[in-house]
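Have a look at coords.cif below; it lists mmCIF, C-alpha atoms.
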```
data_entry
loop_
_atom_site.group_PDB
_atom_site.id
_atom_site.type_symbol
_atom_site.label_atom_id
_atom_site.label_comp_id
_atom_site.auth_asym_id
_atom_site.auth_seq_id
_atom_site.Cartn_x
_atom_site.Cartn_y
_atom_site.Cartn_z
ATOM 1 C CA MET R 1 141.174 -48.199 -35.124
ATOM 2 C CA ALA R 2 140.012 -51.726 -35.588
ATOM 3 C CA GLU R 3 142.763 -52.879 -33.296
ATOM 4 C CA ILE R 4 141.652 -50.474 -30.577
ATOM 5 C CA LYS R 5 138.106 -51.795 -30.814
ATOM 6 C CA LYS R 6 139.461 -55.342 -30.680
ATOM 7 C CA ILE R 7 141.567 -54.546 -27.585
ATOM 8 C CA LEU R 8 138.635 -52.776 -25.923
ATOM 9 C CA GLY R 9 136.397 -55.754 -26.696
ATOM 10 C CA GLU R 10 138.934 -58.127 -25.137
ATOM 11 C CA LYS R 11 139.255 -55.850 -22.111
ATOM 12 C CA LYS R 12 135.465 -55.874 -21.752
ATOM 13 C CA LYS R 13 135.491 -59.693 -21.921
ATOM 14 C CA ILE R 14 138.195 -59.861 -19.244
ATOM 15 C CA ILE R 15 136.303 -57.379 -17.070
ATOM 16 C CA PHE R 16 133.048 -59.355 -17.454
ATOM 17 C CA ILE R 17 134.863 -62.635 -16.706
ATOM 18 C CA LEU R 18 136.514 -61.110 -13.601
ATOM 19 C CA ALA R 19 133.178 -59.607 -12.520
ATOM 20 C CA GLY R 20 131.557 -63.034 -12.971
ATOM 21 C CA ILE R 21 134.278 -64.748 -10.923
ATOM 22 C CA VAL R 22 133.980 -62.138 -8.164
ATOM 23 C CA SER R 23 130.187 -62.510 -8.218
ATOM 24 C CA ILE R 24 130.471 -66.300 -7.919
ATOM 25 C CA ILE R 25 132.931 -65.951 -5.037
ATOM 26 C CA ILE R 26 130.611 -63.516 -3.279
ATOM 27 C CA VAL R 27 127.488 -65.615 -3.823
ATOM 28 C CA PHE R 28 128.958 -69.038 -3.039
ATOM 29 C CA LEU R 29 131.635 -68.199 -0.464
ATOM 30 C CA TYR R 30 131.123 -64.817 1.181
ATOM 31 C CA PHE R 31 127.365 -64.899 1.863
ATOM 32 C CA PRO R 32 127.359 -68.443 3.350
ATOM 33 C CA LEU R 33 130.399 -67.638 5.493
ATOM 34 C CA ALA R 34 128.887 -64.324 6.575
ATOM 35 C CA GLY R 35 125.717 -66.186 7.610
ATOM 36 C CA LYS R 36 127.740 -68.718 9.604
ATOM 37 C CA ILE R 37 129.693 -65.928 11.280
ATOM 38 C CA ALA R 38 126.476 -64.127 12.228
ATOM 39 C CA LYS R 39 125.061 -67.370 13.674
ATOM 40 C CA LYS R 40 128.253 -67.999 15.668
ATOM 41 C CA ASN R 41 128.178 -64.408 16.941
ATOM 42 C CA LYS R 42 124.643 -64.974 18.267
ATOM 43 C CA GLU R 43 125.773 -68.203 19.962
ATOM 44 C CA LEU R 44 128.784 -66.403 21.419
ATOM 45 C CA SER R 45 126.557 -63.626 22.703
ATOM 46 C CA GLY R 46 124.317 -66.211 24.413
ATOM 47 C CA LEU R 47 127.357 -67.891 25.958
ATOM 48 C CA ASN R 48 128.599 -64.529 27.212
ATOM 49 C CA VAL R 49 125.258 -63.957 28.955
ATOM 50 C CA GLN R 50 125.492 -67.412 30.562
ATOM 51 C CA LEU R 51 129.088 -66.749 31.610
ATOM 52 C CA LYS R 52 128.078 -63.470 33.256
ATOM 53 C CA SER R 53 125.326 -65.318 35.137
ATOM 54 C CA VAL R 54 127.746 -68.032 36.298
ATOM 55 C CA ASN R 55 130.272 -65.416 37.407
ATOM 56 C CA GLU R 56 127.561 -63.576 39.342
ATOM 57 C CA ASN R 57 126.460 -66.805 41.026
ATOM 58 C CA LEU R 58 130.068 -67.616 41.937
ATOM 59 C CA ARG R 59 130.506 -64.141 43.383
ATOM 60 C CA VAL R 60 127.382 -64.571 45.520
ATOM 61 C CA ILE R 61 128.545 -68.001 46.700
ATOM 62 C CA GLN R 62 131.973 -66.635 47.583
ATOM 63 C CA GLU R 63 130.383 -63.768 49.520
ATOM 64 C CA LEU R 64 128.286 -66.262 51.456
ATOM 65 C CA LYS R 65 131.452 -68.273 52.119
ATOM 66 C CA VAL R 66 129.714 -71.524 51.264
ATOM 67 C CA ASN R 67 132.001 -74.439 52.055
ATOM 68 C CA LYS R 68 129.733 -77.182 50.849
ATOM 69 C CA ARG R 69 130.889 -79.814 48.432
ATOM 70 C CA LEU R 70 129.818 -82.924 46.620
ATOM 71 C CA ILE R 71 131.044 -85.943 48.512
ATOM 72 C CA LYS R 72 132.213 -89.311 47.260
ATOM 73 C CA GLU R 73 129.821 -92.213 47.613
ATOM 74 C CA GLY R 74 132.003 -93.826 50.288
ATOM 75 C CA GLU R 75 131.676 -90.757 52.497
ATOM 76 C CA ALA R 76 127.859 -90.911 52.607
ATOM 77 C CA SER R 77 127.817 -93.252 55.602
ATOM 78 C CA LEU R 78 130.021 -90.830 57.569
ATOM 79 C CA VAL R 79 127.659 -87.964 56.750
ATOM 80 C CA ILE R 80 124.635 -90.046 57.806
ATOM 81 C CA ASP R 81 126.456 -90.942 61.030
ATOM 82 C CA THR R 82 127.120 -87.239 61.688
ATOM 83 C CA ILE R 83 123.437 -86.453 61.064
ATOM 84 C CA THR R 84 122.443 -89.189 63.525
ATOM 85 C CA LYS R 85 124.789 -87.807 66.191
ATOM 86 C CA GLN R 86 123.425 -84.288 65.624
ATOM 87 C CA CYS R 87 119.882 -85.561 66.170
ATOM 88 C CA ARG R 88 120.916 -86.881 69.568
ATOM 89 C CA SER R 89 122.888 -83.750 70.440
ATOM 90 C CA HIS R 90 119.769 -81.665 69.715
ATOM 91 C CA PHE R 91 117.724 -83.895 72.055
ATOM 92 C CA LEU R 92 115.783 -85.476 69.215
ATOM 93 C CA GLU R 93 114.927 -89.144 69.442
ATOM 94 C CA LEU R 94 115.600 -90.753 66.085
ATOM 95 C CA LYS R 95 112.808 -93.298 65.563
ATOM 96 C CA SER R 96 114.087 -94.464 62.167
ATOM 97 C CA ILE R 97 116.524 -93.562 59.448
ATOM 98 C CA THR R 98 116.086 -94.974 55.966
ATOM 99 C CA GLN R 99 118.429 -94.594 53.052
ATOM 100 C CA LYS R 100 116.798 -94.993 49.632
ATOM 101 C CA GLU R 101 118.294 -95.714 46.212
ATOM 102 C CA LYS R 102 120.251 -92.790 44.811
ATOM 103 C CA ASN R 103 118.884 -90.737 41.923
ATOM 104 C CA ILE R 104 121.515 -90.193 39.240
ATOM 105 C CA LYS R 105 121.554 -86.700 37.767
ATOM 106 C CA ASP R 106 123.859 -85.015 35.276
ATOM 107 C CA GLY R 107 127.229 -84.798 37.049
ATOM 108 C CA TYR R 108 125.981 -85.743 40.511
ATOM 109 C CA SER R 109 123.589 -88.042 42.352
ATOM 110 C CA LEU R 110 121.058 -87.454 45.109
ATOM 111 C CA LEU R 111 120.958 -89.914 47.981
ATOM 112 C CA PRO R 112 117.558 -89.642 49.713
ATOM 113 C CA VAL R 113 117.591 -90.181 53.473
ATOM 114 C CA TYR R 114 114.358 -90.273 55.480
ATOM 115 C CA LEU R 115 114.533 -89.378 59.163
ATOM 116 C CA GLU R 116 111.683 -89.983 61.554
ATOM 117 C CA MET R 117 112.290 -88.169 64.821
ATOM 118 C CA GLU R 118 110.525 -87.059 67.929
ATOM 119 C CA GLY R 119 111.376 -84.401 70.436
ATOM 120 C CA GLY R 120 110.417 -81.152 71.852
ATOM 121 C CA PRO R 121 110.050 -78.296 71.787
ATOM 122 C CA PHE R 122 109.892 -77.178 68.175
ATOM 123 C CA ARG R 123 113.052 -75.157 68.703
ATOM 124 C CA GLN R 124 115.145 -78.344 68.821
ATOM 125 C CA ILE R 125 114.108 -79.359 65.318
ATOM 126 C CA GLY R 126 114.846 -75.816 64.163
ATOM 127 C CA LEU R 127 118.342 -76.026 65.638
ATOM 128 C CA PHE R 128 118.866 -79.383 63.927
ATOM 129 C CA LEU R 129 117.789 -77.912 60.576
ATOM 130 C CA SER R 130 120.129 -74.983 61.211
ATOM 131 C CA PHE R 131 122.967 -77.486 61.677
ATOM 132 C CA LEU R 132 122.147 -79.023 58.284
ATOM 133 C CA ARG R 133 122.285 -75.595 56.658
ATOM 134 C CA GLU R 134 125.680 -74.812 58.169
ATOM 135 C CA PHE R 135 127.206 -78.304 57.834
ATOM 136 C CA GLU R 136 130.428 -77.870 55.847
ATOM 137 C CA GLY R 137 131.228 -81.529 55.230
ATOM 138 C CA ALA R 138 128.720 -82.092 52.450
ATOM 139 C CA LEU R 139 125.980 -80.507 50.421
ATOM 140 C CA ILE R 140 122.700 -81.569 52.025
ATOM 141 C CA THR R 141 119.292 -80.248 51.076
ATOM 142 C CA VAL R 142 116.007 -80.675 52.912
ATOM 143 C CA GLU R 143 113.610 -82.023 50.302
ATOM 144 C CA ASN R 144 110.565 -82.368 52.543
ATOM 145 C CA ILE R 145 109.626 -81.872 56.161
ATOM 146 C CA GLU R 146 106.453 -82.797 58.009
ATOM 147 C CA ILE R 147 106.022 -81.664 61.598
ATOM 148 C CA ARG R 148 103.083 -82.613 63.794
ATOM 149 C CA ARG R 149 102.192 -82.868 67.422
ATOM 150 C CA ALA R 150 103.246 -86.170 68.966
ATOM 151 C CA ASP R 151 100.604 -88.223 70.710
ATOM 152 C CA LEU R 152 101.510 -87.663 74.326
ATOM 153 C CA PRO R 153 103.157 -86.353 76.525
ATOM 154 C CA LEU R 154 102.973 -82.781 75.397
ATOM 155 C CA PRO R 155 104.747 -80.581 74.221
ATOM 156 C CA LYS R 156 106.511 -83.232 72.113
ATOM 157 C CA ILE R 157 106.416 -83.036 68.373
ATOM 158 C CA SER R 158 107.106 -85.586 65.685
ATOM 159 C CA ALA R 159 108.893 -84.866 62.413
ATOM 160 C CA VAL R 160 109.614 -86.717 59.212
ATOM 161 C CA VAL R 161 112.458 -85.095 57.298
ATOM 162 C CA THR R 162 113.556 -86.086 53.804
ATOM 163 C CA LEU R 163 117.147 -85.118 53.103
ATOM 164 C CA ALA R 164 119.099 -85.345 49.871
ATOM 165 C CA ILE R 165 122.834 -85.835 50.160
ATOM 166 C CA HIS R 166 124.572 -84.661 46.991
ATOM 167 C CA ILE R 167 127.159 -87.177 45.780
ATOM 168 C CA SER R 168 129.737 -86.776 43.034
ATOM 169 C CA ASN R 169 129.431 -89.221 40.124
ATOM 170 C CA GLU R 170 133.206 -89.279 39.629
#
```

What would the structure in this file look like if it were written as structure tokens?
Amino acid sequence: MAEIKKILGEKKKIIFILAGIVSIIIVFLYFPLAGKIAKKNKELSGLNVQLKSVNENLRVIQELKVNKRLIKEGEASLVIDTITKQCRSHFLELKSITQKEKNIKDGYSLLPVYLEMEGGPFRQIGLFLSFLREFEGALITVENIEIRRADLPLPKISAVVTLAIHISNE
């Protein structure tokens, strides 16, 4: 009988030791790892939302058949030359064109170009702006536009247009 009690006592010790080891493993390994996994799952969920948004934006762009692109810095002068020619073809007199220092962004740069033009009627400037929207050679945005009546002869108007040509930083 004494031996049975001794064996049961040793079994209890072994069970308590194993329970202690399992408890330590759970406390020091499982819970921290479970917390990290939960945090990573939240990050993954956020990335999935962003990915869905990017995919939706790409789908919209593909539906619009946008053929715009970031150009290389060396191509900027060709784009400016094309803009100048389009001014003339839309019967707009280009008073001045000024290229400013480029603004470096994350992954691309913006090259500001200021156009001072005169012409008439207003429709001609609208057609010129329409050309900029449809121009497939480069991504160009109109940052600012000021239109006013030219001094004389009427119905001429004067416009100052600030464009941003998007340039690749690669």

*Tell me, in Å to one decimal, how far atom CA of Met117 of chain R is from atom CA of Ile97 of chain R.*
8.7 Å

*Nearest-residue call for Glu118 of chain R, choices R:Arg133, R:Lys105, R:Lys100, R:His90, using all atoms listed in the file*: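 Of the candidates, the smallest distance to Glu118 of chain R is held by R:His90.
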
Run the PyMOL selection byres ((chain R and resi 143) around 7) mentally over the shown coordinates, then write out the matched residues as a CSV table (one decimal) with C-alpha atoms, keeping the file's coordinate frame, using the chain letters and numbers from the document.
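Done, and the output landed in selection_2.csv:
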```csv
chain,number,residue,atom,x,y,z
R,141,THR,CA,119.3,-80.2,51.1
R,142,VAL,CA,116.0,-80.7,52.9
R,144,ASN,CA,110.6,-82.4,52.5
R,162,THR,CA,113.6,-86.1,53.8
R,163,LEU,CA,117.1,-85.1,53.1
R,164,ALA,CA,119.1,-85.3,49.9
```

Using all atoms listed in the file, collect all residues at a distance of at most 6 Å from (111.2, -87.2, 67.5) as written in the file, then present them as a compact mmCIF listing (two decimals) with C-alpha atoms, keeping the file's coordinate frame.
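After the write, selection-v6.txt holds the following:
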```
# COMPACT_ATOMS: atom_id res chain seq x y z
CA LEU R 92 115.78 -85.48 69.22
CA GLU R 93 114.93 -89.14 69.44
CA LEU R 94 115.60 -90.75 66.08
CA MET R 117 112.29 -88.17 64.82
CA GLU R 118 110.52 -87.06 67.93
CA GLY R 119 111.38 -84.40 70.44
CA SER R 158 107.11 -85.59 65.68
```

If I wrap all listed atoms of segment 89-99 of chain R in a box with edges along x, y and z and add 4 Å on each side, what are its centre and edge lengths in Å to one decimal, as lines of an AutoDock Vina configuration file?
```
center_x = 117.8
center_y = -88.3
center_z = 62.6
size_x = 18.1
size_y = 21.3
size_z = 27.0
```

*Counting only C-alpha atoms, which of R:Glu134, R:Glu10, R:Glu170, R:Glu116 gets nearest to Glu146 of chain R?*
R:Glu116

Write out, as JSON lines, each residue of segment 95-134 of chain R that has an atom at most 12 Å from segment 73-78 of chain R, together with the closest pair of atoms and their distance in Å to one decimal, counting only C-alpha atoms, rows going by chain and rising number.
```
{"residue": "R:Ile97", "atom": "CA", "partner": "R:Ser77", "partner_atom": "CA", "distance": 11.9}
{"residue": "R:Thr98", "atom": "CA", "partner": "R:Ser77", "partner_atom": "CA", "distance": 11.9}
{"residue": "R:Gln99", "atom": "CA", "partner": "R:Ser77", "partner_atom": "CA", "distance": 9.8}
{"residue": "R:Lys102", "atom": "CA", "partner": "R:Glu73", "partner_atom": "CA", "distance": 10.0}
{"residue": "R:Ile104", "atom": "CA", "partner": "R:Glu73", "partner_atom": "CA", "distance": 12.0}
{"residue": "R:Tyr108", "atom": "CA", "partner": "R:Glu73", "partner_atom": "CA", "distance": 10.3}
{"residue": "R:Ser109", "atom": "CA", "partner": "R:Glu73", "partner_atom": "CA", "distance": 9.2}
{"residue": "R:Leu110", "atom": "CA", "partner": "R:Glu73", "partner_atom": "CA", "distance": 10.3}
{"residue": "R:Leu111", "atom": "CA", "partner": "R:Ala76", "partner_atom": "CA", "distance": 8.4}
{"residue": "R:Pro112", "atom": "CA", "partner": "R:Ala76", "partner_atom": "CA", "distance": 10.8}
{"residue": "R:Val113", "atom": "CA", "partner": "R:Ala76", "partner_atom": "CA", "distance": 10.3}
```

_With distances taken over only C-alpha atoms, which residue among R:Leu33, R:Leu8, R:Ile140, R:Ile125 lies nearest Val160 of chain R?_
R:Ile125

*asked:* For a test of reading the model, state the distance in Å between atom CA of Gly107 of chain R and atom CA of Leu51 of chain R, rounded to one decimal.
replied: 18.9 Å

*Mind pulling up the distance from atom CA of Ile165 of chain R to atom CA of Ile80 of chain R?*
8.9 Å

_Evaluate the PyMOL selection byres ((chain R and resi 139) around 10) and report residues as a list in words_ =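 When the PyMOL selection byres ((chain R and resi 139) around 10) is applied to the shown file, the picked residues are Val66, Asn67, Lys68, Arg69, Leu70, Ile71, Val79, Leu132, Arg133, Glu134, Phe135, Glu136, Gly137, Ala138, Ile140, Thr141, Ala164, Ile165, His166 and Ile167 of chain R.
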
*Rank nothing, just name the residue among R:Leu29, R:Ile21, R:Cys87, R:Val54 nearest to Leu115 of chain R, using only C-alpha atoms.*
R:Cys87

*Neighbours of Arg149 of chain R within 9 Å (all atoms listed in the file; same-chain residues fewer than 4 positions away dropped), as a list of chain:residue names?*
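That gives R:Leu154, R:Pro155, R:Lys156, R:Ile157, R:Ser158, R:Ala159.
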
*Counting only C-alpha atoms, figure out which residue out of R:Asn169, R:Asp151, R:Leu58, R:Leu127 gets nearest to Asn103 of chain R.*
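Distance minimum relative to Asn103 of chain R lands on R:Asn169.
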